[in-house]
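Each remark here refers to the structure printed beneath this line.
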Amino acid sequence: MFVGWSGRSSACPPETPWGNFPPGPLPHGPFVGGLAVRAEAGTTTYGTNRLSVVCVAPSWGPYARMVADAYERLERRLHAGLPGDFCMALVDRVRGILFATSGLTSFGRIAFARIRGAVLVSSRVLALATHRDVDLQLDEGYLAHQLTGLTCPPAGASPLRGVRRLGLGEALVVEGEDARVVTLARFIPQRERYTSFKACARAFWDTLVDASSRRSAAGRSCLALSGGLDSSAVGVALAKDQSAPLPSFSIIASGLPDERECIEAVGARLGVLPTLVE
């Protein structure tokens, strides 16, 4: 997790968690001009004379350095140079901005809140709730979607009315108390023409195997196996890239259909022994 802010220092009094900048292992501090970012558990960091970077990212490689290199080379096309699931923020001293974004397929997305005198940024919504000036009332639109099971709340919504989330491919650019959301990248549907069903199926498996192998390159993989079509397909793709049986686990929830038989059948086919969690 990481947290950051931009704006007047009086907006984050020193006696609050938000006023304790810049502790943490970030290089090239303290920051000037009301810009700061702090690394917490589970982050990697990197610094140059121009940049200080903190990110939540895959465990493989010097990811924070990769973020800095991609930002300096590509700036608004930075997603093209960054593989995997990541969530990052950086301070650019030359431009005087705080810049934050996440990967196109990332589960963790940047959260931010505008308060009097500052903009707060974090990789987690709940971290923003610790600031006394953030509106903690529940967002009714978000809540309605969760309660009805639609799970498609309005773009940018979060559980808290005072906190917004970035969409996929978006970035937050903060200068002083001004925050702008810009679009860096987006998914573009492509129409492919296949001469046969077999060619279409081959393209699907090639894509899935490639994506799975890149994702599992960080180290030992583990499969969450439900016995359904999606996790079974991912299991087949991962099994092609594993020299040893693939560890897996399955959750058996009370009150829901028992998929134990399907899970064990898929596990036997893949040569894995699922750990059942009841």
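Every chain in the structure tokens has a letter given in the order shown (A, B, ...), and although residue numbers restart at 1 in each chain, ligands are simply numbered from 1 in the order shown.
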List the neighbours of Ala203 of chain A out to 12 Å using only C-alpha atoms; skip same-chain residues closer than 6 positions along the sequence, and give me the result as a compact mmCIF listing (two decimals) with C-alpha atoms, in the first residue's frame.
# COMPACT_ATOMS: atom_id res chain seq x y z
CA GLU A 192 -10.21 -11.16 -36.37
CA ARG A 193 -11.20 -13.35 -39.31
CA TYR A 194 -10.69 -17.07 -38.77
CA THR A 195 -11.04 -19.61 -41.55
CA SER A 196 -12.31 -22.31 -39.20
CA PHE A 197 -13.43 -23.01 -35.65
CA VAL A 209 -1.21 -19.79 -22.46
CA ASP A 210 0.91 -16.72 -23.25
Quiz prompt | Polymer residues at most 9 Å from Glu140 of chain A, only C-alpha atoms, same-chain spacing of 4 or more positions, as a list of chain:residue names | solution =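 Those residues are A:Ala144, A:His145, A:Pro159, A:Leu160, A:Arg161.
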Keeping C-alpha atoms, export the residues of the selection given above as a compact mmCIF listing (two decimals), in the first residue's frame.
# COMPACT_ATOMS: atom_id res chain seq x y z
CA ALA A 144 -27.22 -0.16 -4.56
CA HIS A 145 -25.16 -2.11 -7.08
CA PRO A 159 -17.86 2.66 -1.24
CA LEU A 160 -17.28 6.17 0.20
CA ARG A 161 -18.92 9.28 -1.25
Self-check item: Atomic separation - atom CA of Leu172 of chain A relative to atom CA of Ala100 of chain A, Å
Solution: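 Separation between atom CA of Ala100 of chain A and atom CA of Leu172 of chain A: 5.2 Å.
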Quiz item: Taking into account only C-alpha atoms, which residue in the set A:Cys55, A:Cys200, A:Leu74, A:Ala111 is nearest to Ala171 of chain A?
Solution: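 Checking each of A:Cys55, A:Cys200, A:Leu74, A:Ala111 against Ala171 of chain A, counting only C-alpha atoms, the winner is A:Ala111.
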Quiz prompt | For Arg93 of chain A: contacts at 7 Å, only C-alpha atoms, fewer than 4 positions along chain excluded, given as a list in words | solution =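 Once the nearby chain positions are removed, what remains is Arg50, Leu51 and Ile97 of chain A.
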Exercise. Using backbone DSSP assignments, extract all helix (DSSP H, G or I) residues from segment 57-236 of chain A; output them as a PyMOL selection string.
Key: chain A and resi 63-81+125-128+140-148+197-216+229-236
